[in-house]
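Take a look at the structure set out below.
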Amino acid sequence: MVDRIQSIRGMHDILPEAGAAWSWLEATIREVVESYGYQKIRLPIVEKTELFARSIGEVTDIVEKEMYTFADRNGESLTLRPEGTAGCVRSGIEHGFLHNQLVRIWYSGPMFRHERPQKGRYRQFYQMGAETFGMEGPAIDAELILMTARLWRALGLGGLRLELNSLGNAEARAAYRDELQSFLRSRRDELDEDSRRRLESNPLRVLDSKDPDTREVLREAPQLLEALDESSREHFEGLCELLSSAGIEYVINPRLVRGLDYYSRTVFEWVTDALGAQGTVCAGGRYDALVSQLGGRETPACGFAMGIERLLALLEAQDLLPAPAVPRVYVLSQGAAARREALHIAEAVREARPELGVQVYCGEGGLKAQMKRADRSGAEVALILGEQEVVEGMVTVRALRGEATQNMVAQTALLAELLRHCPMDQEGR
Ligand code: ATP
Ligand code: MG
């Protein structure tokens with residue numbers, strides 16, 4: 001036997017049975033973001049490595065050890081995108097749609113990070129994200145958070161907690177960085193290895209550590225919120241006020257920093273306790289310096305990204321996922337003429353009632369074998385065409401659920417008969 005080729009560790013097939021849940025989630029996301037006037041952008045999955053190194057930051061988990069980087073055939077270093085923001089900014093600068101405009105865009109698609117695979121953490125995973133440009137005040141931060149809150153409501157999700165923090169502007173962060181660094185140096189021996197290294201290269205990232213001993217030390221660390229510059233403080237207070245007046249509950253988490261360097265001022269996460277260590281479903285914030293850092297003119301910016309797999313896991317835990325979609329009508333036939341007729345009738349039903357879903361048996365089995373398939377398909381009604389039906393212009397309609405009734409009707413009366421078996425839902429479909 002030849003060896004079977006397996007998928008790559010941490011990269012999963014999304015199988016057909018999960019299709020309905022994914023489609024429903026994607027459709028709901030789209031409805032919500034479009035109701036806020038966001039336009040979808042579709043960008044390449046591969047970008048120049050330098051784009052991510054310059055935006056995400058050299059001393060971050062992603063750039064240090066998680067990127068899928070390879071040399072193109074001409075020797076240029078390329079990377080599979082680990083996140084979506086850098087590409088949006090690159091595109092905005094390249095096509096000039098950021099400057100002097102108020103921009104609201106969104107994206108969705110696969111991202112790639114070479115992390116240790118575990119539940120809720122994969123090497124290819126899907127994100128949906130929104131990015132806004134040109135708006136400086138806290139109203140847009142609030143809008144993005146309101147939009148995510150509306151999505152949770154549209155999905156029926158509960159149990160998500162909004163955590164907020166502000167990182168201040170670049171100067172405030174630099175001053176705080178020094179203060180934090182001297183504190184951490186004084187407690188160096190108590191830190192985990194990664195944090196000891198980061199303490200020198202990027203001490204803010206230590207705040208993000210998941211190591212229990214390091215977290216213990218951090219409880220006594222100086223707090224970023226106390227070091228905020230005046231205008232960032234106003235911005236943060238403005239945001240808190242807008243959220244309160246919109247009825248959005250939040251908790252201020254002074255240790256929330258986010259794993260990417262480009263954030264400034266507002267950072268936020270939607271967190272659940274129901275998914276273990278991988279509890280952040282959605283994360284975002286402001287990145288006012290990124291556009292100029294990538295060569296554009298200074299442009300305020302704010303956005304978020306959410307992990308689709310984590311969202312689905314949470315929906316599943318709350319039993320909110322729709323059942324797999326199955327056709328409600330199954331068409332059986334016997335004989336060449338009936339087979340032809342079966343295709344016509346199926347097309348006619350699809351034309352009139354596209355929401356039903358019609359499946360035609362296309363195998364080689366006899367009627368008995370076909371009936372078994374029809375039963376197993378989950379359909380509610382079987383349409384049976386034999387020689388007699390074809391000659392007489394009739395079709396046999398058989399109920400597959402509940403009481404097994406069967407009657408032959410004229411093909412011209414089929415739609416009315418189907419309506420009896422599969423009534424329209426309240427939306428008139
Ligand atoms: P974490 O702290 O969990 O590693 P992060 O800070 O690296 O997350 P972001 O880069 O902000 O995450 O990505 C936004 C969201 O994308 C996360 O909140 C999470 O829901 C999802 N996400 C990030 N990395 C992965 C992954 N490897 N597998 C699945 N989902 C992920
Ligand atoms: Mg991460």
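Ligands are numbered from 1 in the order shown, residues from 1 within each chain, and chains are lettered A, B, ... in the order they appear in the structure tokens.
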
*In region 51-214 of chain A, DSSP strand (DSSP E) residues written as a ChimeraX atom specification*: /A:68-71,77-80,103-112,124-133,161-166

Hey, which residues come within 9 Å of ligand 2 if we count only C-alpha atoms and all ligand atoms? Could you give them as a PyMOL selection string? chain A and resi 61-62+66+113+115+121+258-260

For the selection just defined, write its residues with N, CA, C and O atoms to a file, as a CSV table (one decimal), in the first residue's frame.
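Now in again_32.csv:
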chain,number,residue,atom,x,y,z
A,61,ASP,N,6.2,37.5,19.9
A,61,ASP,CA,6.1,36.0,19.6
A,61,ASP,C,6.0,35.8,18.1
A,61,ASP,O,6.6,34.9,17.5
A,62,ILE,N,5.1,36.6,17.5
A,62,ILE,CA,4.8,36.3,16.1
A,62,ILE,C,6.1,36.4,15.2
A,62,ILE,O,6.4,35.5,14.5
A,66,GLU,N,6.9,32.7,15.1
A,66,GLU,CA,5.7,32.1,14.7
A,66,GLU,C,5.4,32.2,13.2
A,66,GLU,O,4.5,31.7,12.6
A,113,ARG,N,0.3,30.9,11.9
A,113,ARG,CA,1.3,31.1,12.9
A,113,ARG,C,1.8,29.8,13.4
A,113,ARG,O,1.0,28.9,13.7
A,115,GLU,N,2.6,28.1,16.0
A,115,GLU,CA,2.5,28.0,17.4
A,115,GLU,C,2.4,26.5,17.8
A,115,GLU,O,2.2,25.7,17.0
A,121,ARG,N,-6.0,26.8,19.5
A,121,ARG,CA,-4.7,27.4,19.0
A,121,ARG,C,-4.2,26.5,17.8
A,121,ARG,O,-3.8,25.4,18.0
A,258,ARG,N,-1.7,43.3,24.8
A,258,ARG,CA,-1.7,42.8,23.5
A,258,ARG,C,-0.4,42.3,23.0
A,258,ARG,O,0.6,43.0,23.2
A,259,GLY,N,-0.4,41.3,22.1
A,259,GLY,CA,0.9,40.7,21.7
A,259,GLY,C,1.6,41.4,20.5
A,259,GLY,O,2.6,40.9,20.1
A,260,LEU,N,1.0,42.5,20.0
A,260,LEU,CA,1.6,43.1,18.9
A,260,LEU,C,2.0,44.5,19.3
A,260,LEU,O,1.4,45.2,20.0

_Which residues are close to Ile105 (chain A), i.e. within 6 Å by only C-alpha atoms, leaving aside same-chain residues fewer than 5 positions away? Reply as a list of chain:residue names._
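The residues that qualify are A:Tyr38, A:Gln39, A:Lys40, A:Ala130, A:Glu131.
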
Considering only C-alpha atoms and all ligand atoms, tabulate each residue of chain A that lies at most 6 Å from ligand 1 along with its nearest interatomic pair and the corresponding distance in Å to one decimal; arrange the rows by chain and ascending residue number and present them as a tab-separated table.
residue	atom	partner	partner_atom_place_in_ligand_line	distance
A:Arg113	CA	ligand 1	27 (N)	5.9
A:Gly120	CA	ligand 1	29 (C)	5.1
A:Arg121	CA	ligand 1	28 (N)	3.4
A:Tyr122	CA	ligand 1	28 (N)	4.0
A:Arg123	CA	ligand 1	27 (N)	5.5
A:Phe125	CA	ligand 1	29 (C)	5.0
A:Gln127	CA	ligand 1	16 (O)	5.8
A:Arg258	CA	ligand 1	6 (O)	5.4
A:Gly259	CA	ligand 1	6 (O)	4.6
A:Gln278	CA	ligand 1	3 (O)	5.4
A:Thr280	CA	ligand 1	18 (O)	4.5
A:Val281	CA	ligand 1	20 (O)	3.9
A:Cys282	CA	ligand 1	18 (O)	4.3
A:Ala283	CA	ligand 1	18 (O)	4.9
A:Ala305	CA	ligand 1	14 (C)	4.7
A:Met306	CA	ligand 1	15 (C)	4.4
A:Gly307	CA	ligand 1	20 (O)	3.4
A:Arg310	CA	ligand 1	20 (O)	5.7

**Prompt:** If you run DSSP on this backbone, which residues of region 67-115 of chain A come out as alpha helix (DSSP H), and could you give them as an NGL selection string?
**Reply:** :A and (85-95)

Grab the residues selected above and save them as a PDB file, in the first residue's frame with N, CA and C atoms.
ATOM      1  N   THR A  85      -4.069  43.126   9.894  1.00  0.00           N
ATOM      2  CA  THR A  85      -3.967  44.586   9.945  1.00  0.00           C
ATOM      3  C   THR A  85      -2.851  45.132   9.043  1.00  0.00           C
ATOM      4  N   ALA A  86      -1.689  44.485   9.107  1.00  0.00           N
ATOM      5  CA  ALA A  86      -0.539  44.988   8.337  1.00  0.00           C
ATOM      6  C   ALA A  86      -0.880  45.073   6.848  1.00  0.00           C
ATOM      7  N   GLY A  87      -1.543  44.032   6.331  1.00  0.00           N
ATOM      8  CA  GLY A  87      -1.911  44.030   4.923  1.00  0.00           C
ATOM      9  C   GLY A  87      -2.874  45.156   4.586  1.00  0.00           C
ATOM     10  N   CYS A  88      -3.843  45.413   5.481  1.00  0.00           N
ATOM     11  CA  CYS A  88      -4.808  46.496   5.244  1.00  0.00           C
ATOM     12  C   CYS A  88      -4.087  47.838   5.149  1.00  0.00           C
ATOM     13  N   VAL A  89      -3.133  48.053   6.054  1.00  0.00           N
ATOM     14  CA  VAL A  89      -2.406  49.330   6.052  1.00  0.00           C
ATOM     15  C   VAL A  89      -1.529  49.415   4.810  1.00  0.00           C
ATOM     16  N   ARG A  90      -0.844  48.352   4.496  1.00  0.00           N
ATOM     17  CA  ARG A  90      -0.007  48.326   3.283  1.00  0.00           C
ATOM     18  C   ARG A  90      -0.849  48.676   2.056  1.00  0.00           C
ATOM     19  N   SER A  91      -2.017  48.051   1.958  1.00  0.00           N
ATOM     20  CA  SER A  91      -2.885  48.298   0.804  1.00  0.00           C
ATOM     21  C   SER A  91      -3.401  49.740   0.796  1.00  0.00           C
ATOM     22  N   GLY A  92      -3.773  50.228   1.964  1.00  0.00           N
ATOM     23  CA  GLY A  92      -4.290  51.595   2.066  1.00  0.00           C
ATOM     24  C   GLY A  92      -3.269  52.632   1.635  1.00  0.00           C
ATOM     25  N   ILE A  93      -2.019  52.410   2.021  1.00  0.00           N
ATOM     26  CA  ILE A  93      -0.962  53.345   1.629  1.00  0.00           C
ATOM     27  C   ILE A  93      -0.710  53.209   0.120  1.00  0.00           C
ATOM     28  N   GLU A  94      -0.636  51.965  -0.325  1.00  0.00           N
ATOM     29  CA  GLU A  94      -0.325  51.717  -1.744  1.00  0.00           C
ATOM     30  C   GLU A  94      -1.392  52.305  -2.673  1.00  0.00           C
ATOM     31  N   HIS A  95      -2.656  52.218  -2.285  1.00  0.00           N
ATOM     32  CA  HIS A  95      -3.727  52.685  -3.160  1.00  0.00           C
ATOM     33  C   HIS A  95      -4.258  54.049  -2.755  1.00  0.00           C
TER      34      HIS A  95
END

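If you measure from each of A:Pro138, A:Gly279, A:Gly303, A:Gly158 to Phe236 (chain A) using only C-alpha atoms, the closest one turns out to be A:Pro138.
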
What lies within 6 Å of region 214-229 of chain A using only C-alpha atoms, ignoring chain neighbours under 2 positions off, as a PyMOL selection string?
chain A and resi 168+172+191+211-212+231-233

Mind checking which residues fall within 12 Å of Ala154 (chain A), counting only C-alpha atoms, ignoring those fewer than 2 positions away in the same chain, and posting them as a list in words?
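Contacts, in chain order: Trp24, Leu25, Glu26, Ala27, Thr28, Ile29, Arg30, Glu31, Val32, Val33, Met147, Thr148, Ala149, Arg150, Leu151, Trp152, Gly156, Leu157, Gly158, Leu315 and Leu320 of chain A.
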
Write the selection just made, keeping N, CA and C atoms, as a PDB file, in the first residue's frame?
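Result saved to selection.pdb:
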ATOM      1  N   TRP A  24     -23.334  29.994   8.613  1.00  0.00           N
ATOM      2  CA  TRP A  24     -24.241  30.796   9.441  1.00  0.00           C
ATOM      3  C   TRP A  24     -23.454  31.886  10.175  1.00  0.00           C
ATOM      4  N   LEU A  25     -22.310  31.495  10.750  1.00  0.00           N
ATOM      5  CA  LEU A  25     -21.499  32.479  11.463  1.00  0.00           C
ATOM      6  C   LEU A  25     -20.997  33.562  10.501  1.00  0.00           C
ATOM      7  N   GLU A  26     -20.509  33.141   9.340  1.00  0.00           N
ATOM      8  CA  GLU A  26     -19.996  34.115   8.376  1.00  0.00           C
ATOM      9  C   GLU A  26     -21.093  35.054   7.892  1.00  0.00           C
ATOM     10  N   ALA A  27     -22.285  34.496   7.653  1.00  0.00           N
ATOM     11  CA  ALA A  27     -23.389  35.335   7.177  1.00  0.00           C
ATOM     12  C   ALA A  27     -23.808  36.330   8.262  1.00  0.00           C
ATOM     13  N   THR A  28     -23.817  35.876   9.516  1.00  0.00           N
ATOM     14  CA  THR A  28     -24.220  36.769  10.606  1.00  0.00           C
ATOM     15  C   THR A  28     -23.193  37.895  10.779  1.00  0.00           C
ATOM     16  N   ILE A  29     -21.922  37.530  10.707  1.00  0.00           N
ATOM     17  CA  ILE A  29     -20.866  38.547  10.807  1.00  0.00           C
ATOM     18  C   ILE A  29     -21.053  39.589   9.709  1.00  0.00           C
ATOM     19  N   ARG A  30     -21.268  39.103   8.502  1.00  0.00           N
ATOM     20  CA  ARG A  30     -21.401  40.017   7.368  1.00  0.00           C
ATOM     21  C   ARG A  30     -22.595  40.954   7.543  1.00  0.00           C
ATOM     22  N   GLU A  31     -23.723  40.402   7.963  1.00  0.00           N
ATOM     23  CA  GLU A  31     -24.902  41.243   8.179  1.00  0.00           C
ATOM     24  C   GLU A  31     -24.611  42.346   9.188  1.00  0.00           C
ATOM     25  N   VAL A  32     -23.961  41.967  10.275  1.00  0.00           N
ATOM     26  CA  VAL A  32     -23.704  42.950  11.335  1.00  0.00           C
ATOM     27  C   VAL A  32     -22.731  44.029  10.856  1.00  0.00           C
ATOM     28  N   VAL A  33     -21.604  43.635  10.274  1.00  0.00           N
ATOM     29  CA  VAL A  33     -20.624  44.670   9.891  1.00  0.00           C
ATOM     30  C   VAL A  33     -21.156  45.548   8.766  1.00  0.00           C
ATOM     31  N   MET A 147     -20.130  47.228  17.817  1.00  0.00           N
ATOM     32  CA  MET A 147     -20.352  46.314  16.699  1.00  0.00           C
ATOM     33  C   MET A 147     -20.114  44.872  17.139  1.00  0.00           C
ATOM     34  N   THR A 148     -19.041  44.642  17.912  1.00  0.00           N
ATOM     35  CA  THR A 148     -18.793  43.275  18.387  1.00  0.00           C
ATOM     36  C   THR A 148     -19.893  42.849  19.361  1.00  0.00           C
ATOM     37  N   ALA A 149     -20.327  43.772  20.213  1.00  0.00           N
ATOM     38  CA  ALA A 149     -21.393  43.434  21.165  1.00  0.00           C
ATOM     39  C   ALA A 149     -22.678  43.069  20.410  1.00  0.00           C
ATOM     40  N   ARG A 150     -22.940  43.798  19.325  1.00  0.00           N
ATOM     41  CA  ARG A 150     -24.139  43.485  18.527  1.00  0.00           C
ATOM     42  C   ARG A 150     -24.010  42.096  17.899  1.00  0.00           C
ATOM     43  N   LEU A 151     -22.789  41.770  17.471  1.00  0.00           N
ATOM     44  CA  LEU A 151     -22.579  40.439  16.900  1.00  0.00           C
ATOM     45  C   LEU A 151     -22.863  39.350  17.942  1.00  0.00           C
ATOM     46  N   TRP A 152     -22.385  39.536  19.157  1.00  0.00           N
ATOM     47  CA  TRP A 152     -22.666  38.518  20.201  1.00  0.00           C
ATOM     48  C   TRP A 152     -24.175  38.366  20.368  1.00  0.00           C
ATOM     49  N   GLY A 156     -26.603  35.166  19.695  1.00  0.00           N
ATOM     50  CA  GLY A 156     -27.214  34.624  20.907  1.00  0.00           C
ATOM     51  C   GLY A 156     -26.190  34.314  21.998  1.00  0.00           C
ATOM     52  N   LEU A 157     -24.933  34.742  21.791  1.00  0.00           N
ATOM     53  CA  LEU A 157     -23.845  34.407  22.720  1.00  0.00           C
ATOM     54  C   LEU A 157     -23.915  35.175  24.020  1.00  0.00           C
ATOM     55  N   GLY A 158     -23.606  34.487  25.100  1.00  0.00           N
ATOM     56  CA  GLY A 158     -23.480  35.162  26.389  1.00  0.00           C
ATOM     57  C   GLY A 158     -22.122  34.839  26.999  1.00  0.00           C
ATOM     58  N   LEU A 315     -19.710  29.022  20.748  1.00  0.00           N
ATOM     59  CA  LEU A 315     -21.091  28.812  20.301  1.00  0.00           C
ATOM     60  C   LEU A 315     -21.504  27.362  20.543  1.00  0.00           C
ATOM     61  N   LEU A 320     -25.382  26.621  20.491  1.00  0.00           N
ATOM     62  CA  LEU A 320     -26.031  27.598  19.623  1.00  0.00           C
ATOM     63  C   LEU A 320     -25.810  27.322  18.133  1.00  0.00           C
TER      64      LEU A 320
END

Which residue is closest to Ala346 (chain A)? Choose from A:Gln411, A:Asn74, A:Gln318, A:Gln406 and count only C-alpha atoms.
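Among the listed residues, A:Gln411 lies closest to Ala346 (chain A).
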
Inset, instruction - Please provide the set of residues having any atom within 8 Å of Gln334 (chain A), restricted to only C-alpha atoms, with same-chain residues fewer than 5 positions apart removed, written as an NGL selection string. - result: :A and (339 or 366-367 or 385-387)

Same residues, N, CA and C atoms, saved as an mmCIF file, in the first residue's frame:
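As written to disk, out36.cif reads:
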data_model
loop_
_atom_site.group_PDB
_atom_site.id
_atom_site.type_symbol
_atom_site.label_atom_id
_atom_site.label_comp_id
_atom_site.auth_asym_id
_atom_site.auth_seq_id
_atom_site.Cartn_x
_atom_site.Cartn_y
_atom_site.Cartn_z
ATOM 1 N N ARG A 339 -35.703 8.794 -15.250
ATOM 2 C CA ARG A 339 -34.496 9.485 -14.801
ATOM 3 C C ARG A 339 -34.438 10.895 -15.412
ATOM 4 N N GLY A 366 -31.460 0.217 -7.508
ATOM 5 C CA GLY A 366 -32.891 0.104 -7.761
ATOM 6 C C GLY A 366 -33.680 0.944 -6.767
ATOM 7 N N LEU A 367 -34.995 0.933 -6.911
ATOM 8 C CA LEU A 367 -35.844 1.800 -6.074
ATOM 9 C C LEU A 367 -35.677 1.535 -4.580
ATOM 10 N N LEU A 385 -40.462 8.590 -9.190
ATOM 11 C CA LEU A 385 -40.875 8.515 -10.579
ATOM 12 C C LEU A 385 -40.555 7.149 -11.131
ATOM 13 N N GLY A 386 -41.598 6.374 -11.420
ATOM 14 C CA GLY A 386 -41.412 5.082 -12.082
ATOM 15 C C GLY A 386 -41.991 5.188 -13.480
ATOM 16 N N GLU A 387 -42.026 4.046 -14.165
ATOM 17 C CA GLU A 387 -42.543 4.077 -15.543
ATOM 18 C C GLU A 387 -43.977 4.574 -15.592
#

Point out the residue among A:Ile5, A:Glu76, A:Ala277, A:Gln359 with the least atom-to-atom distance to Leu343 (chain A), counting only C-alpha atoms.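 Closest to Leu343 (chain A) of all the choices is A:Gln359.
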
Kindly indicate which residue among A:Thr132, A:Ser77, A:Asn253, A:Asn202 lies nearest to Leu102 (chain A), using only C-alpha atoms for the distances.
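Closest to Leu102 (chain A) of all the choices is A:Thr132.
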
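Distance annotation: of A:Ala323, A:Ala301, A:Val390, A:Leu383, the residue with the minimal separation from Glu341 (chain A) is A:Val390; atom set is only C-alpha atoms.
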
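Each of A:Val267, A:Leu78, A:Leu180, A:Ile56 was compared to Glu163 (chain A) using only C-alpha atoms, and A:Val267 turns out to be the nearest.
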
Practice problem: Using only C-alpha atoms, determine which residues lie at most 12 Å from Ala352 (chain A), disregarding the query and same-chain residues fewer than 6 positions distant; provide the list as a PyMOL selection string. | Solution: chain A and resi 345-346+358+414-416+418-419+424+429

Please write the residues from the selection above to a file, keeping N, CA and C atoms, as an mmCIF file, in the first residue's frame.
data_model
loop_
_atom_site.group_PDB
_atom_site.id
_atom_site.type_symbol
_atom_site.label_atom_id
_atom_site.label_comp_id
_atom_site.auth_asym_id
_atom_site.auth_seq_id
_atom_site.Cartn_x
_atom_site.Cartn_y
_atom_site.Cartn_z
ATOM 1 N N ILE A 345 -38.133 17.596 -13.025
ATOM 2 C CA ILE A 345 -38.979 17.915 -11.864
ATOM 3 C C ILE A 345 -38.150 18.566 -10.762
ATOM 4 N N ALA A 346 -36.953 18.038 -10.541
ATOM 5 C CA ALA A 346 -36.077 18.623 -9.511
ATOM 6 C C ALA A 346 -35.774 20.076 -9.850
ATOM 7 N N VAL A 358 -33.150 20.346 -2.995
ATOM 8 C CA VAL A 358 -33.641 19.137 -3.656
ATOM 9 C C VAL A 358 -32.442 18.310 -4.068
ATOM 10 N N LEU A 414 -47.831 19.212 -8.135
ATOM 11 C CA LEU A 414 -46.749 18.841 -7.220
ATOM 12 C C LEU A 414 -46.396 19.948 -6.232
ATOM 13 N N LEU A 415 -46.312 21.197 -6.731
ATOM 14 C CA LEU A 415 -45.880 22.284 -5.843
ATOM 15 C C LEU A 415 -46.856 22.474 -4.692
ATOM 16 N N ALA A 416 -48.146 22.386 -4.984
ATOM 17 C CA ALA A 416 -49.161 22.518 -3.932
ATOM 18 C C ALA A 416 -49.012 21.395 -2.922
ATOM 19 N N LEU A 418 -46.295 19.747 -2.264
ATOM 20 C CA LEU A 418 -45.067 19.969 -1.498
ATOM 21 C C LEU A 418 -45.273 20.998 -0.396
ATOM 22 N N LEU A 419 -46.091 21.988 -0.700
ATOM 23 C CA LEU A 419 -46.369 23.038 0.277
ATOM 24 C C LEU A 419 -47.051 22.442 1.516
ATOM 25 N N MET A 424 -44.234 26.930 4.108
ATOM 26 C CA MET A 424 -43.309 28.074 4.110
ATOM 27 C C MET A 424 -43.073 28.503 5.555
ATOM 28 N N ARG A 429 -40.721 32.210 3.079
ATOM 29 C CA ARG A 429 -39.875 31.432 2.170
ATOM 30 C C ARG A 429 -40.463 30.049 1.971
#
